[in-house]
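Have a look at the structure below before the remarks.
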There are 2 protein chains.
Amino acid sequence: MHRTRVRVAEEALDANTTIAQANRADFDRESVAVVNLMSAPGAGKTSLLEAVFREGMGDTRPGVLEGDVQGSLDADRLAHFHVPVTQLNTDGGFGGECHLDANMVRTALPEVGLDEIDLLIIENVGNLVCPAEFRVGEDAKAMVCSVAEGEDKPLKYPLMFRTCELVVVNKIDLLPHLDYDLDALLANIESVNPGAEVIQTSARTGEGVTGFRDWLVGVGERARAVA
Amino acid sequence: MHRTRVRVAEEALDANTTIAQANRADFDRESVAVVNLMSAPGAGKTSLLEAVFREGMGDTRPGVLEGDVQGSLDADRLAHFHVPVTQLNTDGGFGGECHLDANMVRTALPEVGLDEIDLLIIENVGNLVCPAEFRVGEDAKAMVCSVAEGEDKPLKYPLMFRTCELVVVNKIDLLPHLDYDLDALLANIESVNPGAEVIQTSARTGEGVTGFRDWLVGVGERARAVA
C-alpha cells in the first residue's frame with residue numbers, strides 16, 4: 001500500500017521533469033533564453049520589469065509569461081511597453097495553484113510566439129514556497145526580495161533562496177525609513193546559497209535597474225557558455 | 001477512472017473538515033478562542049504580535065502556534081514575552097507545505113496546553129494563496145497586508161481577502177515614503193469582501209496596535225454571541 005503511493009508520487013515528479021524538458025527543447029529550437037522570476041507577493045517583480053523595459057534591452061527582444069492566480073493586472077501594465085505578454089491564470093483549469101509548473105507553462109507556449117522573442121521572462125505567482133520546487137524548462141531562476149520584508153527571509157524560505165542564482169534586493173530607496181540590517185540580509189543569503197549573485201535595486205528611483213537589465217540580457221549567453 | 005479520482009479528491013477535502021471539527025471540539029472543551037492569522041511573507045504578523053504582547057492583553061491569556069516551513073525564528077521572538085509558543089514546521093513530516101491544514105494543527109495541539117490559555121493565535125505560513133483554503137477549526141480568520149506590497153493585492157489574491165473578517169493594513173509609517181493609494185487599497189478590499197473590518201497599524205510606531213489587540217481579545221466573545 002505504502003509502496004504504491006510512493007510510486008505515484010515519483011510519477012508525478014517525473015511528469016514535471018519530462019514536460020520541462022519538452023519546454024526546454026522548444027526554447028532551444030527557437031533560441032529563446034528563459035528566466036523564471038519569483039518573489040513574495042508585492043516584492044516588485046512587475047515594477048522592476050517596467051523599469052527594465054523603460055531602459056530598453058538593446059538587441060534582445062523580450063517576452064513575458066505572466067503567472068497569476070486571477071486577473072491580468074500585471075500583464076496589462078507590461079503591455080504598455082509593446083512587449084508581447086501572455087497571461088497564465090492558475091485558477092482556471094489549474095484549481096487556483098500557488099505556483100507555475102512545467103505543464104502550465106507548456107499550455108501557454110502556443111500563445112507566447114517564441115519565434116518573435118530572444119528572452120522569455122516567466123513572472124511566477126507571488127509565493128516564496130512552492131514556485132521554487134518546479135522546474136519549467138528555464139535557463140536561470142532569479143528572485144526579488146524587498147527590503148520591506150525583513151532580513152530573515154533567506155532563513156525562513158531557504159529553498160527559494162538556494163534555488164536562485166540571482167537575488168534582486170529591491171526597494172532600497174526605503175532603507176532610510178526601515179530598521180533594516182542589509183548586511184544581515186546579505187549574510188543570510190550567503191549562508192543558504194554561498195556565491196549567489198546579488199543586485200540591489202529600486203524600481204522606484206531606477207537605482208540598480210541597469211545591472212538587472214544586463215543580467216537578463218546575459219542569460220542566454222551564459223547558458224550557451226555552460227552548455 | 002475519472003470518477004474514482006474525483007471521489008479521492010472529495011475524501012481529501014472531507015478529511016480536513018473532519019479534523020477541523022475535531023480541533024474545534026477540543027477548543028470548545030477548553031473554552032479557547034482561536035484566530036488563524038495569515039499574510040504574505042514579511043507583512044509583519046510577528047512584529048504585530050510582539051507589539052500586542054508588549055501592550056498586554058488584560059485578563060486574556062494568549063498562546064501562539066507558529067507555522068513555518070523551517071526554523072523557529074518567529075517563535076523565539078515571541079517567547080521573550082513569556083507567552084506559550086509552539087513551533088510547527090511544515091518541512092518535517094509534512095513535505096515543506098506552504099500552508100497549515102487542520103491535521104498539522106491537530107498534530108501540534110498536545111504541545112499547546114489549551115488548558116492554560118484563552119486565545120490561541122495560529123500564525124500561518126507566509127503565503128497569500130493556499131492558507132486561505134484550509135479551515136483549521138478557528139473562530140476567525142484575519143490577515144495582515146503591508147502597504148509596501150502595493151494596492152492591488154486584494155484583486156490578485158481575492159480568496160485570501162474574502163475569507164478573512166479582518167484585514168490589518170500594516171507598516172502605515174511607510175506611507176509618506178511610498179507611491180501608495182490607500183483609498184484604492186480600501187476600495188479593492190471592499191470590492192472582494194464588502195463590509196470586511198480594516199484596522200490600520202504600524203508595528204514599528206505602535207499606531208493602531210491597541211485596536212488590533214482589542215479585536216483579538218474580543219474574538220471569543222463575538223464567537224459566543226454568534227453561536
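Chain labels A, B, ... are given in the sequence in which chains occur in the C-alpha cells; within each chain residues are numbered consecutively from 1, and ligands are likewise numbered from 1 in the order shown.
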Pro131 of chain B environment, 8 Å, only C-alpha atoms, sequence neighbours closer than 5 positions dropped, as a compact mmCIF listing (two decimals) with N, CA and C atoms, in the first residue's frame:
# COMPACT_ATOMS: atom_id res chain seq x y z
N MET B 38 -2.97 35.22 8.93
CA MET B 38 -2.28 34.93 7.67
C MET B 38 -1.73 36.21 7.05
N CYS B 98 3.21 24.76 2.04
CA CYS B 98 3.17 26.22 2.00
C CYS B 98 2.02 26.78 2.83
N HIS B 99 1.41 25.95 3.68
CA HIS B 99 0.24 26.37 4.47
C HIS B 99 0.10 25.41 5.64
N LEU B 100 -0.75 25.79 6.59
CA LEU B 100 -1.16 24.86 7.64
C LEU B 100 -2.53 24.30 7.28
N ASP B 101 -2.74 23.02 7.57
CA ASP B 101 -4.09 22.46 7.45
C ASP B 101 -4.51 21.93 8.82
N ASN B 124 0.07 31.51 10.57
CA ASN B 124 0.19 30.60 9.43
C ASN B 124 1.49 30.86 8.66
N VAL B 125 1.82 29.97 7.73
CA VAL B 125 2.97 30.16 6.84
C VAL B 125 2.72 31.40 5.97
N MET B 160 -7.97 35.00 -0.34
CA MET B 160 -7.41 35.34 0.96
C MET B 160 -8.14 36.52 1.59
For this session: Give me the residues within 9 Å of segment 180-195 of chain A as a VMD selection string, counting only C-alpha atoms and dropping any in the same chain fewer than 4 places off.
Result: chain A and resid 147 to 148 150 to 155 158 to 159 161 to 165 167 175 to 176
Problem set entry | Filtered DSSP result for segment 140-173 of chain B, state alpha helix (DSSP H), as a PyMOL selection string | chain B and resi 153-156+158-163
Just to be explicit: take each residue in the selection above, keep all heavy atoms, and write the result as a short mmCIF file (atom, residue, chain, number, x, y, z; two decimals), in the first residue's frame.
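Everything below was put into again-v3.cif:
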data_model
loop_
_atom_site.label_atom_id
_atom_site.label_comp_id
_atom_site.auth_asym_id
_atom_site.auth_seq_id
_atom_site.Cartn_x
_atom_site.Cartn_y
_atom_site.Cartn_z
N LYS B 153 -3.20 43.95 -4.20
CA LYS B 153 -3.21 42.57 -3.69
C LYS B 153 -4.60 41.97 -3.49
O LYS B 153 -4.79 40.78 -3.77
CB LYS B 153 -2.36 42.46 -2.40
CG LYS B 153 -0.87 42.70 -2.64
CD LYS B 153 -0.30 41.73 -3.64
CE LYS B 153 0.99 42.18 -4.30
NZ LYS B 153 0.90 43.34 -5.21
N PRO B 154 -5.61 42.72 -3.04
CA PRO B 154 -6.95 42.09 -2.92
C PRO B 154 -7.46 41.56 -4.25
O PRO B 154 -8.16 40.54 -4.29
CB PRO B 154 -7.84 43.24 -2.41
CG PRO B 154 -6.90 44.17 -1.71
CD PRO B 154 -5.61 44.10 -2.50
N LEU B 155 -7.10 42.22 -5.36
CA LEU B 155 -7.57 41.78 -6.67
C LEU B 155 -6.78 40.58 -7.17
O LEU B 155 -7.27 39.78 -7.95
CB LEU B 155 -7.47 42.94 -7.68
CG LEU B 155 -8.18 44.23 -7.26
CD1 LEU B 155 -8.03 45.30 -8.33
CD2 LEU B 155 -9.65 43.97 -6.96
N LYS B 156 -5.52 40.46 -6.73
CA LYS B 156 -4.68 39.36 -7.21
C LYS B 156 -4.82 38.11 -6.35
O LYS B 156 -4.54 37.01 -6.82
CB LYS B 156 -3.21 39.81 -7.25
CG LYS B 156 -2.99 40.94 -8.26
CD LYS B 156 -1.53 41.26 -8.43
CE LYS B 156 -0.78 40.11 -9.06
NZ LYS B 156 0.64 40.42 -9.26
N PRO B 158 -7.80 37.23 -4.29
CA PRO B 158 -9.12 37.54 -3.73
C PRO B 158 -9.60 36.56 -2.67
O PRO B 158 -10.26 36.96 -1.71
CB PRO B 158 -10.04 37.54 -4.96
CG PRO B 158 -9.29 36.78 -6.01
CD PRO B 158 -7.85 37.00 -5.75
N LEU B 159 -9.26 35.26 -2.82
CA LEU B 159 -9.77 34.30 -1.84
C LEU B 159 -9.26 34.64 -0.45
O LEU B 159 -10.01 34.58 0.54
CB LEU B 159 -9.36 32.87 -2.22
CG LEU B 159 -9.87 31.80 -1.25
CD1 LEU B 159 -11.39 31.72 -1.27
CD2 LEU B 159 -9.26 30.43 -1.56
N MET B 160 -7.97 35.00 -0.34
CA MET B 160 -7.41 35.34 0.96
C MET B 160 -8.14 36.52 1.59
O MET B 160 -8.54 36.48 2.76
CB MET B 160 -5.91 35.65 0.81
CG MET B 160 -5.22 36.14 2.07
SD MET B 160 -5.29 34.98 3.45
CE MET B 160 -4.12 33.73 2.89
N PHE B 161 -8.35 37.58 0.81
CA PHE B 161 -9.01 38.76 1.36
C PHE B 161 -10.48 38.48 1.66
O PHE B 161 -11.05 39.06 2.58
CB PHE B 161 -8.86 39.95 0.40
CG PHE B 161 -7.48 40.58 0.46
CD1 PHE B 161 -6.41 40.03 -0.23
CD2 PHE B 161 -7.26 41.72 1.22
CE1 PHE B 161 -5.15 40.60 -0.17
CE2 PHE B 161 -6.01 42.30 1.29
CZ PHE B 161 -4.94 41.74 0.60
N ARG B 162 -11.10 37.59 0.87
CA ARG B 162 -12.53 37.31 1.03
C ARG B 162 -12.79 36.44 2.24
O ARG B 162 -13.82 36.54 2.89
CB ARG B 162 -13.02 36.59 -0.25
CG ARG B 162 -14.52 36.50 -0.38
CD ARG B 162 -14.86 35.94 -1.75
NE ARG B 162 -14.51 36.87 -2.82
CZ ARG B 162 -13.96 36.52 -3.99
NH1 ARG B 162 -13.70 35.25 -4.24
NH2 ARG B 162 -13.68 37.42 -4.90
N THR B 163 -11.83 35.59 2.57
CA THR B 163 -12.05 34.60 3.63
C THR B 163 -11.80 35.18 5.02
O THR B 163 -12.14 34.56 6.02
CB THR B 163 -11.14 33.37 3.35
OG1 THR B 163 -11.62 32.26 4.09
CG2 THR B 163 -9.72 33.63 3.76
#
Problem set entry | Contact residues (chain A, partner chain B, 7 Å, only C-alpha atoms) as JSON, numbers by chain | {"A": [40, 41, 42, 43, 69, 70, 71, 98, 127, 129, 130, 148, 149, 150, 156, 157]}
Could you write out the selected residues, including C-alpha atoms, as a PDB file, in the first residue's frame?
ATOM      1  CA  ALA A  40       6.785  37.036  -2.394  1.00  0.00           C
ATOM      2  CA  PRO A  41       3.627  39.000  -3.273  1.00  0.00           C
ATOM      3  CA  GLY A  42       4.375  42.689  -3.754  1.00  0.00           C
ATOM      4  CA  ALA A  43       8.186  42.465  -3.826  1.00  0.00           C
ATOM      5  CA  VAL A  69      -3.982  33.141  -9.639  1.00  0.00           C
ATOM      6  CA  GLN A  70      -6.528  35.536 -11.131  1.00  0.00           C
ATOM      7  CA  GLY A  71      -6.738  38.622 -13.302  1.00  0.00           C
ATOM      8  CA  CYS A  98       0.065  28.843  -5.846  1.00  0.00           C
ATOM      9  CA  ASN A 127       4.935  32.942  -3.278  1.00  0.00           C
ATOM     10  CA  VAL A 129       7.483  28.320  -1.121  1.00  0.00           C
ATOM     11  CA  CYS A 130       6.143  26.160  -3.976  1.00  0.00           C
ATOM     12  CA  ALA A 148      10.369  45.794   3.471  1.00  0.00           C
ATOM     13  CA  GLU A 149      10.052  42.026   4.085  1.00  0.00           C
ATOM     14  CA  GLY A 150      12.781  41.849   6.729  1.00  0.00           C
ATOM     15  CA  LYS A 156      12.638  31.078   6.632  1.00  0.00           C
ATOM     16  CA  TYR A 157      12.351  30.198   2.921  1.00  0.00           C
TER      17      TYR A 157
END
Problem set entry | Residue nearest Asn16 of chain A among A:Ala102, A:Ala225, A:Leu119, A:Ile199 (counting only C-alpha atoms) |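 Answer, going by the shortest atom-to-atom distance: A:Ala102.
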For this session: May I have all residues of segment 124-161 of chain B that DSSP, computed from the backbone, assigns to strand (DSSP E or B), given as a list in words?
Result: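 Residues meeting the strand (DSSP E or B) criterion: Ala140, Lys141, Ala142, Met143, Val144, Cys145 and Ser146 of chain B.
Going from atom CA of Glu123 of chain A over to atom CA of Val85 of chain A, you cover 10.4 Å.
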Problem set entry | Within 8 Å of Val168 of chain A using only C-alpha atoms, minus same-chain residues under 6 positions, as a list in words | Ala142, Met143, Val144, Cys145, Val198, Ile199, Gln200, Thr201 and Phe212 of chain A
With N, CA and C atoms retained, write the just-selected residues as a compact mmCIF listing (two decimals), in the first residue's frame.
# COMPACT_ATOMS: atom_id res chain seq x y z
N ALA A 142 15.65 33.42 -10.94
CA ALA A 142 16.01 34.64 -10.20
C ALA A 142 14.87 34.99 -9.27
N MET A 143 15.17 35.69 -8.20
CA MET A 143 14.11 36.11 -7.29
C MET A 143 14.29 37.55 -6.89
N VAL A 144 13.19 38.18 -6.51
CA VAL A 144 13.20 39.54 -6.00
C VAL A 144 12.81 39.49 -4.53
N CYS A 145 13.57 40.20 -3.71
CA CYS A 145 13.36 40.21 -2.27
C CYS A 145 13.29 41.68 -1.86
N VAL A 198 24.00 38.96 -6.13
CA VAL A 198 23.02 39.88 -5.53
C VAL A 198 23.10 41.21 -6.25
N ILE A 199 21.97 41.74 -6.66
CA ILE A 199 21.89 43.07 -7.25
C ILE A 199 20.91 43.89 -6.43
N GLN A 200 21.33 45.07 -5.99
CA GLN A 200 20.44 45.94 -5.21
C GLN A 200 19.76 46.93 -6.16
N THR A 201 18.44 47.04 -6.02
CA THR A 201 17.68 47.90 -6.94
C THR A 201 16.62 48.72 -6.20
N PHE A 212 20.37 44.85 -13.36
CA PHE A 212 19.40 43.76 -13.53
C PHE A 212 19.13 43.55 -15.02
For this session: Provide the atom CA of Lys141 of chain B to atom CA of Val217 of chain B distance in Å, to one decimal place.
Result: 13.9 Å
